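A quick write-up on the structure given underneath.
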Amino acid sequence: MFINYEHENHVYKVTIERRQENFFVTYDNTEYRVSVDEIQQGHLKITIGDRIIKSIVTEGDKEKFVFIDGSVFKVKPVELTGRTKKRKKEAGEHDLDSPISGKVIQVKVKKGDKVKTGDIILVIEAMKMEYLIRAPFNGLITKVNFKEKDQIEIGQKTVEISKK
Amino acid sequence: MFINYEHENHVYKVTIERRQENFFVTYDNTEYRVSVDEIQQGHLKITIGDRIIKSIVTEGDKEKFVFIDGSVFKVKPVELTGRTKKRKKEAGEHDLDSPISGKVIQVKVKKGDKVKTGDIILVIEAMKMEYLIRAPFNGLITKVNFKEKDQIEIGQKTVEISKK
Amino acid sequence: MFKKVLIANRGEIAVRIIKACQELGIHTVAIYSDADLNAPHVLLADEAVNLGDPTPIESYLNIPKIIKIAQEKKADAIHPGYGFLAENPDFAETCNKAGIKFIGPSPEVISLMGDKIAAKKAMEAAGVPVIPGYHGTDQDNESLVKHGKKIGFPLLVKAAAGGGGKGMRIVKTESQLLESIESAKRESKSSFGNDTVFLEKYLEKPRHIEFQILADEYGNVIHLFERECSIQRRHQKIIEESPSPVMTPELREQMGRAAVTAAQKVGYTNAGTVEFMVDGFLNYYFMEMNTRLQVEHPITEMTTGVDLAKWQLRIASGEQLTLKQEDIFQRGHAMECRIYAEDPKNGFLPSVGTILKLEEPTGPNIRVDSGILADNHVSPYYDPMLSKLITYAENRTECINKMTWALSHYVILGVTSNITFLKEVFNNHEFEKGNTTTHFIDNYFKEWTITKKTLPVDALISLAVYDSLHSKKEEIVRYKEADPHSPWKHVGRWRVSGGE
Amino acid sequence: MFKKVLIANRGEIAVRIIKACQELGIHTVAIYSDADLNAPHVLLADEAVNLGDPTPIESYLNIPKIIKIAQEKKADAIHPGYGFLAENPDFAETCNKAGIKFIGPSPEVISLMGDKIAAKKAMEAAGVPVIPGYHGTDQDNESLVKHGKKIGFPLLVKAAAGGGGKGMRIVKTESQLLESIESAKRESKSSFGNDTVFLEKYLEKPRHIEFQILADEYGNVIHLFERECSIQRRHQKIIEESPSPVMTPELREQMGRAAVTAAQKVGYTNAGTVEFMVDGFLNYYFMEMNTRLQVEHPITEMTTGVDLAKWQLRIASGEQLTLKQEDIFQRGHAMECRIYAEDPKNGFLPSVGTILKLEEPTGPNIRVDSGILADNHVSPYYDPMLSKLITYAENRTECINKMTWALSHYVILGVTSNITFLKEVFNNHEFEKGNTTTHFIDNYFKEWTITKKTLPVDALISLAVYDSLHSKKEEIVRYKEADPHSPWKHVGRWRVSGGE
């Protein structure tokens, strides 16, 4: 089985094969012969010679999580061909995305407004805290995607700005 | 669905039916309309009107276990027709069964021996403790099922004694 | 003692109070919104009543709804926990009028202490030192800016009704002043329904040190020593400890007496906390009094052996405080970490999601006050604190070692938490030395990011083994039949490659 | 401090020691038999080495095997825990000869205290009162019977090398004497490899009260006050508490001094316990000294704030005892329950099986020292203790309340445990009053059986709901197609009725 894991923008290519009682994992030209005991769902005890790896693995909707040696790693699925599908965003444009799911409590701009770098565009409230969306560059508001009291989800774009 | 549960030699007859979002449980001529949330495998939150039952249910090889209100109940499967299969044992005869799984460390009798009530017949060791099997009545040893160092399982009959 | 108590809260504090009640033989009623259907306080309480709509104002802040439930369930008292309605004098008043005992001080005291300006004036009058600032009634932006300039920079803008960092802004230069005042007012209005703010001098090398007090309804007041809560991010405490590494026996004696005096002067009853700022020269200033059980109360419980939640119930039910000041002593060292669903790499932004795996550390003198269970969903409606991890040991070094061990054995998968960040704080040399001012996080963790960037090979092996064990049989078969060197396969429900 | 410690034990005590080591930065090596493949100590340790055959003599009692592993792994010390090799002077000797520090007293002291007869003689010589009895070398049955008759009945037959109730018999009448001597000898031989027994007077209203001591390698000895361990079944402790409800300040002072004297006289080092019997008139008699950490050490840790396991490591590594007698004080009240896999309805017979569900109680001042994990199999090879439940509170009543709460929230399914039994003990009026002699269980729970005989309707509803949710779809369909009034159906993999 070939598997690719993406972590912090790096792709790790691994193969794993089961032969009788053992698994053979290959990564970076090294083969590890391991025996495995799944103690509870996702709780792994993996023996490599004298060494024992104890880890917990689980999967969410979009990612997998590994707990090992006191640290958590979040790994994303790799879509080899899908890589270039996303339009490369303008520098700073990401700053217009909502950093959190919450409620829009103030919209400071309307279509056609001119804005300067650092101007407050929109205020989002989540978990009783406020988050300000500011203009990442000078420009003209071309579209406002939310109005006050709207629910907004993490990653949704608040407004569109054309650079002047 | 009809289900019979046996607990401490008493059989409880229950029916349960699922209609849309609710379950209807009938026991002892009373119907309970309940809604159910299985929070984790076997962890039940059962709502009956304003009342909430919180319980944990799990199944072993031969029985089911319920944890409720701080108590554990062990429930056995019911075999309605199998009831009379087992030969009814002589009074006291149960005392000849091993109360524990362990190792036979001493056999004090042999076939043909006469024994009196209270005589030690056999010594079993388990978990570093000793258990004595004593004669439950006066009689004659007709069969000895184990010899020293034999492994013995819980419920196995150690010897057979014919009453005189 | 009460027969039945309604707990008007959620999360770990509701669980904490339910346990205290149950041990005292008190029947408990939990309330919960639709976002908390399977929350631990719901499963633990003897009864639980649904509030519906998860919006705070429609659920845990809805006074009429909560009073109605308490009456229907015949609760003789309500414990408000902290946050939500804990310091709302109207709620305390409404409880009392409905003949339900509010577990906390009188509405008048809550009201006085809730108004930070009036509180400071009262303390000044009682001879307790306060920080220079403007606590006046000129609340138009222009006047506030004028007063601010007079105090000088840096200064703090704080919501009069605030707490927990909400409605608080630190202003470093004159140019930020107006915007900060506006934003603090807005946040205060939406959180507390009141937009009065005040301004005060920002101290050098300040530490946040507070004293726990207990006062019964017969005039007996004791303090249970200090907690240092200087380690804060976004002006919210994340690590607390007791005793404070900077405290001297003389200062402790002095501040403890000031705290008791403060409580006595205002006719305080039940558990409360007097917060001070202590500067680099060990000058101390009254900050505010919190008229409730604090988040960090467990470290006082660990060092003094006193159960504060139970004493709250006893005092409210009219029992006398049998603990005497001379019987209370500190022993060893305790620390608390607040475990938040937040991303420290990304400005401590709250995170949401489902708790997929949860394993809490256990061991001697490790206490976890948790508000979550496996499979719970962490919603964006409420404060993102998941739990509190508390450790106790014979001394500060051992306590740090134990906390580090416990953090390394705390498994929360599915939601980003601050655990890794906390571990690095405990690993910081200045922290180890006790150099813990309120600027600590800004000074040492401003641009913090997780240092370990690469995925360790053991994690890769674990993932591969997991996927191999959990891929559906058909998929493995399908895979095996195909060219073993082609990566165009499906693994589990993940697409490992496209192209077919 | 040591770099690497091998823990020559299993279960909760191995876990306890591994945690203490890890907090001190010591690398740990666990050993485990084939019956313990996924036991918690194996999963927690930094390294774990398999011993194979689960028979004790081939695994946790196998000295050459264990020494070899320690050498291969380059461990600088071995912690023996309690039981197994903890009080085996040959093991301590072998460790020392191999250049591995044995964490405990010297082989000579273990040897002296392991011989109960010699130990009593040494104590008598040191002026510590001992119980009348026969501790001589005439070990033929005839002489022993003669000596027994001289002491009178009731009397105790005890294995000289024994402990934990093994090889112990209580003899009420002359007619049982010979049989008891034979059986005690046999059990002692098989457990300890030595069949020497002694006889002693059986006291009226006796309580088992012991003093914890700590002694460093430079002659400093302190005691950490008493534990009462009178609640026993089959002569094994099941509930312990500190302080003892019968203790007076004067008696505590006296017995504490006797314990320290006893330790000093024999040149004791590391942690140890001096056990006394105290009769109804508060006379006390030296019983024996346990040269190891006790099962019940946590209640001392709770009341004194001292971490005994860590001090064992520190002392063994040559550190000085920095704790002074005057710094040690008791605060509040602590209790411990031993959670056993056993059936109290059936003579406390050990039970075996698989832990299907496990949920440990959590809350302030609730400590669970556990040796099991969900899905672990409880085998018949070792002691049936699964875990220890410890609670601390401001006073004895609160401590009992907390324990009752904790027991009610302890879920162990799959193996019969003594939890329900323990709850009833805490509910007993004589226990509440502190009337806790060693005869307590015999007096009040002789013919004990679970009182609640009928299955509550909520349990039935839960079972039915569970079965409905977990029955396989085909089976439900098959059922639905059939006559709904016929009980001849299959539900899940259970046969609910026969006949087809």
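Naming scheme: A, B, ... for chains in displayed order of the structure tokens; residues 1 onward per chain; ligands 1 onward as shown.
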Ile105 in chain A surroundings by only C-alpha atoms, 10 Å radius, close-in-sequence under 4 positions cut, as a ChimeraX atom specification: /A:122-126,130-131,147-151 /C:190
Residues as selected, all heavy atoms, written as a CSV table (one decimal), in the first residue's frame, can you do that?
```csv
chain,number,residue,atom,x,y,z
A,122,LEU,N,-14.5,45.1,9.0
A,122,LEU,CA,-15.6,44.2,9.5
A,122,LEU,C,-15.2,43.7,10.9
A,122,LEU,O,-14.0,43.5,11.2
A,122,LEU,CB,-15.8,43.1,8.6
A,122,LEU,CG,-17.0,42.2,8.6
A,122,LEU,CD1,-17.5,42.2,7.1
A,122,LEU,CD2,-16.7,40.9,9.0
A,123,VAL,N,-16.2,43.6,11.8
A,123,VAL,CA,-15.9,43.1,13.2
A,123,VAL,C,-16.7,41.8,13.4
A,123,VAL,O,-17.9,41.7,13.1
A,123,VAL,CB,-16.3,44.1,14.2
A,123,VAL,CG1,-15.9,43.6,15.6
A,123,VAL,CG2,-15.6,45.5,14.0
A,124,ILE,N,-16.0,40.7,13.8
A,124,ILE,CA,-16.6,39.4,14.0
A,124,ILE,C,-16.5,39.1,15.4
A,124,ILE,O,-15.5,39.3,16.1
A,124,ILE,CB,-15.9,38.4,13.1
A,124,ILE,CG1,-16.0,38.7,11.7
A,124,ILE,CG2,-16.5,37.0,13.4
A,124,ILE,CD1,-15.0,37.9,10.8
A,125,GLU,N,-17.6,38.6,16.0
A,125,GLU,CA,-17.6,38.2,17.4
A,125,GLU,C,-17.7,36.7,17.5
A,125,GLU,O,-18.6,36.1,16.8
A,125,GLU,CB,-18.7,38.8,18.2
A,125,GLU,CG,-18.5,38.7,19.7
A,125,GLU,CD,-19.7,39.1,20.5
A,125,GLU,OE1,-20.7,38.4,20.3
A,125,GLU,OE2,-19.6,40.0,21.3
A,126,ALA,N,-16.8,36.1,18.3
A,126,ALA,CA,-16.9,34.6,18.5
A,126,ALA,C,-16.4,34.3,19.9
A,126,ALA,O,-15.4,34.9,20.3
A,126,ALA,CB,-16.0,33.9,17.4
A,130,GLU,N,-13.8,39.7,20.2
A,130,GLU,CA,-13.9,40.4,18.9
A,130,GLU,C,-12.7,40.2,18.0
A,130,GLU,O,-11.6,40.3,18.4
A,130,GLU,CB,-14.0,41.9,19.1
A,130,GLU,CG,-15.4,42.4,19.5
A,130,GLU,CD,-15.5,43.9,19.5
A,130,GLU,OE1,-14.5,44.6,19.0
A,130,GLU,OE2,-16.5,44.4,20.0
A,131,TYR,N,-12.9,40.0,16.7
A,131,TYR,CA,-11.8,39.9,15.7
A,131,TYR,C,-12.1,41.0,14.7
A,131,TYR,O,-13.2,41.1,14.1
A,131,TYR,CB,-11.8,38.5,15.1
A,131,TYR,CG,-11.6,37.5,16.2
A,131,TYR,CD1,-12.7,36.9,16.8
A,131,TYR,CD2,-10.4,37.3,16.7
A,131,TYR,CE1,-12.6,36.1,17.8
A,131,TYR,CE2,-10.2,36.4,17.8
A,131,TYR,CZ,-11.4,35.8,18.3
A,131,TYR,OH,-11.2,35.0,19.4
A,147,LYS,N,-23.6,40.8,5.9
A,147,LYS,CA,-24.2,42.0,6.6
A,147,LYS,C,-24.2,41.7,8.1
A,147,LYS,O,-23.9,40.6,8.6
A,147,LYS,CB,-25.6,42.2,6.1
A,147,LYS,CG,-26.6,41.1,6.2
A,147,LYS,CD,-27.9,41.5,5.6
A,147,LYS,CE,-29.0,40.5,6.0
A,147,LYS,NZ,-28.7,39.1,5.6
A,148,GLU,N,-24.5,42.7,8.9
A,148,GLU,CA,-24.5,42.6,10.3
A,148,GLU,C,-25.4,41.4,10.8
A,148,GLU,O,-26.5,41.2,10.2
A,148,GLU,CB,-24.9,43.9,11.0
A,148,GLU,CG,-23.7,44.8,11.0
A,148,GLU,CD,-23.9,46.2,11.6
A,148,GLU,OE1,-24.9,46.3,12.4
A,148,GLU,OE2,-23.2,47.2,11.3
A,149,LYS,N,-25.0,40.8,11.8
A,149,LYS,CA,-25.7,39.6,12.4
A,149,LYS,C,-25.7,38.3,11.6
A,149,LYS,O,-26.2,37.3,12.0
A,149,LYS,CB,-27.2,40.0,12.7
A,149,LYS,CG,-27.3,41.1,13.8
A,149,LYS,CD,-28.7,41.2,14.3
A,149,LYS,CE,-28.8,42.3,15.3
A,149,LYS,NZ,-30.2,42.7,15.7
A,150,ASP,N,-25.0,38.4,10.5
A,150,ASP,CA,-24.8,37.1,9.7
A,150,ASP,C,-23.9,36.2,10.4
A,150,ASP,O,-23.0,36.6,11.1
A,150,ASP,CB,-24.2,37.4,8.3
A,150,ASP,CG,-25.2,37.8,7.3
A,150,ASP,OD1,-26.4,37.9,7.6
A,150,ASP,OD2,-24.8,38.1,6.1
A,151,GLN,N,-24.1,34.9,10.3
A,151,GLN,CA,-23.2,33.9,10.8
A,151,GLN,C,-22.1,33.8,9.7
A,151,GLN,O,-22.3,33.8,8.5
A,151,GLN,CB,-23.9,32.5,10.9
A,151,GLN,CG,-23.1,31.4,11.5
A,151,GLN,CD,-22.7,31.6,12.9
A,151,GLN,OE1,-23.3,32.3,13.7
A,151,GLN,NE2,-21.6,30.9,13.3
C,190,SER,N,-21.5,44.7,24.5
C,190,SER,CA,-22.1,43.5,24.0
C,190,SER,C,-21.9,42.3,25.1
C,190,SER,O,-22.8,41.4,25.2
C,190,SER,CB,-21.5,43.1,22.7
C,190,SER,OG,-20.5,42.1,22.8
```
Using only C-alpha atoms, I'd like every residue of chain B that has an atom within 9 Å of chain C; please write them out as a PyMOL selection string. chain B and resi 37+39-40+45+50-52+54
How would the residues just picked look written out with N, CA, C and O atoms as a short mmCIF file (atom, residue, chain, number, x, y, z; two decimals), in the first residue's frame?
```
data_model
loop_
_atom_site.label_atom_id
_atom_site.label_comp_id
_atom_site.auth_asym_id
_atom_site.auth_seq_id
_atom_site.Cartn_x
_atom_site.Cartn_y
_atom_site.Cartn_z
N ASP B 37 -29.89 8.38 23.35
CA ASP B 37 -28.67 8.92 22.77
C ASP B 37 -27.53 8.01 23.23
O ASP B 37 -27.29 7.89 24.43
N ILE B 39 -24.00 7.87 23.65
CA ILE B 39 -22.96 8.89 23.64
C ILE B 39 -21.64 8.31 23.17
O ILE B 39 -20.95 8.88 22.35
N GLN B 40 -21.28 7.19 23.75
CA GLN B 40 -20.19 6.39 23.23
C GLN B 40 -20.72 4.96 23.20
O GLN B 40 -21.76 4.69 23.78
N LYS B 45 -27.77 7.50 27.18
CA LYS B 45 -28.51 8.57 27.85
C LYS B 45 -29.95 8.38 27.38
O LYS B 45 -30.25 8.61 26.21
N ASP B 50 -39.11 13.95 31.71
CA ASP B 50 -38.11 14.83 32.29
C ASP B 50 -36.95 14.07 32.92
O ASP B 50 -35.95 14.64 33.29
N ARG B 51 -37.12 12.76 33.02
CA ARG B 51 -36.14 11.95 33.74
C ARG B 51 -35.08 11.43 32.77
O ARG B 51 -35.40 11.06 31.64
N ILE B 52 -33.86 11.44 33.21
CA ILE B 52 -32.78 10.91 32.37
C ILE B 52 -32.15 9.70 33.05
O ILE B 52 -31.77 9.76 34.22
N LYS B 54 -28.95 7.35 33.00
CA LYS B 54 -27.61 7.24 32.43
C LYS B 54 -27.07 5.86 32.78
O LYS B 54 -27.04 5.50 33.95
#
```
Only residues of chain C matter here; which ones have an atom within 8 Å of chain D, counting only C-alpha atoms? Give them as a list of chain:residue names. C:Arg16, C:Lys19, C:Gln22, C:Glu23, C:Leu24, C:Gly305, C:Val306, C:Asp307, C:Arg331, C:Gly332, C:Thr362, C:Gly363, C:Pro364, C:Asn365, C:Arg367, C:Val368, C:Asp369, C:Ala393, C:Glu394, C:Glu398, C:Asn401, C:Lys402, C:Trp405
Considering only C-alpha atoms, return as a compact mmCIF listing (two decimals) with N, CA, C and O atoms, in the first residue's frame whatever protein or nucleic-acid residues lie within 10 Å of range 89-105 of chain C, sequence-local ones (same chain, fewer than 4 positions apart) excluded.
```
# COMPACT_ATOMS: atom_id res chain seq x y z
N PHE C 2 -28.86 22.75 52.08
CA PHE C 2 -29.85 22.73 51.00
C PHE C 2 -30.24 21.31 50.62
O PHE C 2 -29.44 20.38 50.76
N VAL C 5 -29.97 22.02 44.65
CA VAL C 5 -29.29 23.21 44.11
C VAL C 5 -29.30 23.15 42.58
O VAL C 5 -29.02 22.11 42.00
N LEU C 6 -29.67 24.28 41.98
CA LEU C 6 -29.56 24.39 40.53
C LEU C 6 -28.22 25.04 40.20
O LEU C 6 -27.83 26.02 40.84
N ILE C 7 -27.50 24.48 39.23
CA ILE C 7 -26.21 25.03 38.84
C ILE C 7 -26.40 25.78 37.53
O ILE C 7 -26.63 25.17 36.48
N LEU C 61 -27.56 32.85 30.04
CA LEU C 61 -27.70 34.23 30.54
C LEU C 61 -29.16 34.62 30.69
O LEU C 61 -29.48 35.75 31.05
N ASN C 62 -30.06 33.68 30.42
CA ASN C 62 -31.49 34.00 30.43
C ASN C 62 -32.07 33.86 31.84
O ASN C 62 -32.48 32.78 32.28
N ILE C 63 -32.13 35.00 32.52
CA ILE C 63 -32.56 34.99 33.93
C ILE C 63 -33.97 34.43 34.12
O ILE C 63 -34.16 33.52 34.94
N PRO C 64 -34.98 34.92 33.38
CA PRO C 64 -36.34 34.41 33.63
C PRO C 64 -36.45 32.90 33.42
O PRO C 64 -37.05 32.18 34.22
N ILE C 66 -34.12 30.62 33.71
CA ILE C 66 -33.42 29.88 34.76
C ILE C 66 -34.19 29.91 36.07
O ILE C 66 -34.33 28.89 36.76
N ILE C 67 -34.74 31.07 36.41
CA ILE C 67 -35.52 31.19 37.65
C ILE C 67 -36.75 30.28 37.58
O ILE C 67 -37.10 29.58 38.54
N LYS C 68 -37.37 30.24 36.40
CA LYS C 68 -38.57 29.42 36.22
C LYS C 68 -38.24 27.93 36.44
O LYS C 68 -38.98 27.22 37.13
N ALA C 70 -35.76 26.73 38.18
CA ALA C 70 -35.44 26.54 39.59
C ALA C 70 -36.72 26.41 40.41
O ALA C 70 -36.80 25.58 41.33
N GLN C 71 -37.69 27.20 40.07
CA GLN C 71 -38.96 27.14 40.80
C GLN C 71 -39.71 25.83 40.52
O GLN C 71 -40.20 25.18 41.44
N LYS C 74 -38.14 23.11 42.24
CA LYS C 74 -38.11 23.31 43.71
C LYS C 74 -36.68 23.32 44.27
O LYS C 74 -36.39 22.73 45.31
N ALA C 75 -35.79 23.99 43.53
CA ALA C 75 -34.42 24.15 44.03
C ALA C 75 -34.43 25.19 45.14
O ALA C 75 -35.10 26.22 45.02
N ASP C 76 -33.72 24.95 46.26
CA ASP C 76 -33.69 26.00 47.27
C ASP C 76 -32.51 26.95 47.10
O ASP C 76 -32.43 27.95 47.80
N ALA C 77 -31.61 26.65 46.19
CA ALA C 77 -30.49 27.57 45.97
C ALA C 77 -29.99 27.45 44.53
O ALA C 77 -30.25 26.44 43.86
N ILE C 78 -29.30 28.48 44.08
CA ILE C 78 -28.68 28.47 42.76
C ILE C 78 -27.21 28.80 42.92
O ILE C 78 -26.85 29.78 43.58
N HIS C 79 -26.36 27.96 42.33
CA HIS C 79 -24.93 28.27 42.29
C HIS C 79 -24.61 28.78 40.89
O HIS C 79 -24.85 28.08 39.91
N PRO C 80 -24.05 30.00 40.79
CA PRO C 80 -23.83 30.58 39.46
C PRO C 80 -22.50 30.23 38.82
O PRO C 80 -22.27 30.59 37.67
N GLY C 81 -21.60 29.55 39.56
CA GLY C 81 -20.27 29.27 39.01
C GLY C 81 -19.48 30.56 38.83
O GLY C 81 -19.53 31.43 39.69
N LEU C 85 -23.81 34.50 34.75
CA LEU C 85 -24.56 35.35 35.67
C LEU C 85 -23.91 35.48 37.05
O LEU C 85 -24.52 36.04 37.97
N VAL C 109 -23.33 44.05 47.29
CA VAL C 109 -21.87 43.89 47.23
C VAL C 109 -21.43 43.58 45.79
O VAL C 109 -20.44 44.12 45.30
N ILE C 110 -22.18 42.71 45.12
CA ILE C 110 -21.85 42.39 43.72
C ILE C 110 -21.89 43.67 42.90
O ILE C 110 -21.01 43.95 42.08
N SER C 111 -22.90 44.45 43.13
CA SER C 111 -23.10 45.68 42.39
C SER C 111 -21.95 46.65 42.64
O SER C 111 -21.37 47.20 41.70
N LEU C 112 -21.59 46.80 43.89
CA LEU C 112 -20.48 47.71 44.24
C LEU C 112 -19.18 47.25 43.59
O LEU C 112 -18.46 48.04 42.98
N MET C 113 -18.88 45.95 43.71
CA MET C 113 -17.62 45.45 43.20
C MET C 113 -17.64 45.31 41.68
O MET C 113 -16.60 45.34 41.04
N GLY C 114 -18.83 45.19 41.13
CA GLY C 114 -18.97 45.10 39.67
C GLY C 114 -18.67 46.43 39.01
O GLY C 114 -18.22 46.48 37.86
N ALA C 215 -15.90 34.32 53.75
CA ALA C 215 -16.59 35.11 54.76
C ALA C 215 -17.96 34.50 54.99
O ALA C 215 -18.68 34.19 54.05
N ASP C 216 -18.30 34.28 56.27
CA ASP C 216 -19.63 33.73 56.52
C ASP C 216 -20.64 34.85 56.76
O ASP C 216 -20.30 36.03 56.61
N GLU C 217 -21.85 34.52 57.11
CA GLU C 217 -22.89 35.53 57.24
C GLU C 217 -22.97 36.07 58.67
O GLU C 217 -23.94 36.72 59.06
N GLY C 267 -18.82 44.39 53.73
CA GLY C 267 -19.82 43.42 54.21
C GLY C 267 -19.88 42.20 53.31
O GLY C 267 -20.95 41.67 53.02
N TYR C 268 -18.71 41.73 52.91
CA TYR C 268 -18.64 40.62 51.98
C TYR C 268 -19.08 39.31 52.63
O TYR C 268 -18.78 39.06 53.80
N THR C 269 -19.78 38.48 51.88
CA THR C 269 -20.10 37.11 52.34
C THR C 269 -19.77 36.12 51.24
O THR C 269 -19.77 36.45 50.06
N ASN C 270 -19.51 34.87 51.65
CA ASN C 270 -19.17 33.75 50.76
C ASN C 270 -17.74 33.86 50.23
O ASN C 270 -16.94 34.58 50.80
N ALA C 271 -17.41 33.08 49.19
CA ALA C 271 -16.04 33.06 48.68
C ALA C 271 -15.82 34.26 47.77
O ALA C 271 -16.71 34.65 47.03
N GLY C 272 -14.64 34.81 47.83
CA GLY C 272 -14.32 35.94 46.97
C GLY C 272 -12.82 36.07 46.81
O GLY C 272 -12.05 35.40 47.51
N THR C 291 -16.39 38.62 42.93
CA THR C 291 -17.40 38.18 43.90
C THR C 291 -17.93 36.80 43.57
O THR C 291 -19.14 36.59 43.45
N ARG C 292 -17.01 35.87 43.40
CA ARG C 292 -17.40 34.51 42.98
C ARG C 292 -16.23 33.56 43.21
O ARG C 292 -15.15 34.00 43.59
N LEU C 293 -16.47 32.29 42.93
CA LEU C 293 -15.38 31.32 42.91
C LEU C 293 -14.55 31.59 41.65
O LEU C 293 -15.10 31.83 40.59
N GLN C 312 -18.55 27.24 50.10
CA GLN C 312 -19.56 28.15 49.51
C GLN C 312 -20.97 27.68 49.83
O GLN C 312 -21.83 28.47 50.20
N LEU C 313 -21.16 26.36 49.68
CA LEU C 313 -22.50 25.79 49.94
C LEU C 313 -22.84 25.90 51.43
O LEU C 313 -23.95 26.26 51.80
N ARG C 314 -21.87 25.60 52.28
CA ARG C 314 -22.12 25.65 53.72
C ARG C 314 -22.44 27.07 54.18
O ARG C 314 -23.39 27.29 54.93
N ILE C 315 -21.63 28.01 53.73
CA ILE C 315 -21.84 29.41 54.15
C ILE C 315 -23.20 29.89 53.66
O ILE C 315 -23.96 30.50 54.42
N ALA C 316 -23.53 29.60 52.40
CA ALA C 316 -24.80 30.09 51.85
C ALA C 316 -25.98 29.48 52.59
O ALA C 316 -27.04 30.10 52.71
N SER C 317 -25.80 28.26 53.10
CA SER C 317 -26.91 27.61 53.81
C SER C 317 -26.98 28.09 55.26
O SER C 317 -27.80 27.60 56.03
```
DSSP strand (DSSP E or B) residues within range 329-387 of chain C, listed as a ChimeraX atom specification: /C:333-340,342-343,349-350,353-354,357-359,366-370,377-378,385-387
Residues at most 12 Å from Gln176 in chain D, counting only C-alpha atoms, excluding those fewer than 6 positions away in the same chain, as a PyMOL selection string? chain D and resi 145+148-149+153-157+169-170+182-183
When distances are computed from only C-alpha atoms, which of A:Asp113, A:Ile48, A:Gln41, A:Glu21 shows the smallest separation from chain B?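 Once distances to chain B are computed over only C-alpha atoms, the minimum belongs to A:Gln41.
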I'd like the interatomic distance between CA of Pro380 in chain C and CA of Ala86 in chain C, to a tenth of an Å.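 So the two atoms, CA of Pro380 in chain C and CA of Ala86 in chain C, lie 20.8 Å apart.
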Find, counting only C-alpha atoms, the residue in A:Ser55, A:Thr26, A:Ser71, A:Thr158 that gets nearest to Gln106 in chain A.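 The closest residue to Gln106 in chain A is A:Thr158.
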Residues near Phe23 in chain B, cut-off 8 Å, only C-alpha atoms, skip fewer than 2 positions along chain, as a ChimeraX atom specification: /B:16-19,21,25,33-36 /D:465
Near Val274 in chain D, counting only C-alpha atoms, which residues have an atom at most 6 Å away, once you skip same-chain residues fewer than 4 positions from it, shown as a ChimeraX atom specification? /D:210-211,259,289
Report as number ranges by chain: the residues of range 394-459 of chain D with a DSSP assignment of helix (DSSP H, G or I), based on the backbone of this structure. D: 396-408, 419-426, 429-432, 440-445, 457-459
What's the 10 Å shell around Asp119 in chain A, counting only C-alpha atoms, without same-chain residues fewer than 4 positions away, as a PyMOL selection string? chain A and resi 108-109+114-115+132-138
Can you work out the spacing between CA of Asp138 in chain D and CA of Ala262 in chain D in Å, to one decimal?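 Here the two named atoms are 26.8 Å from each other.
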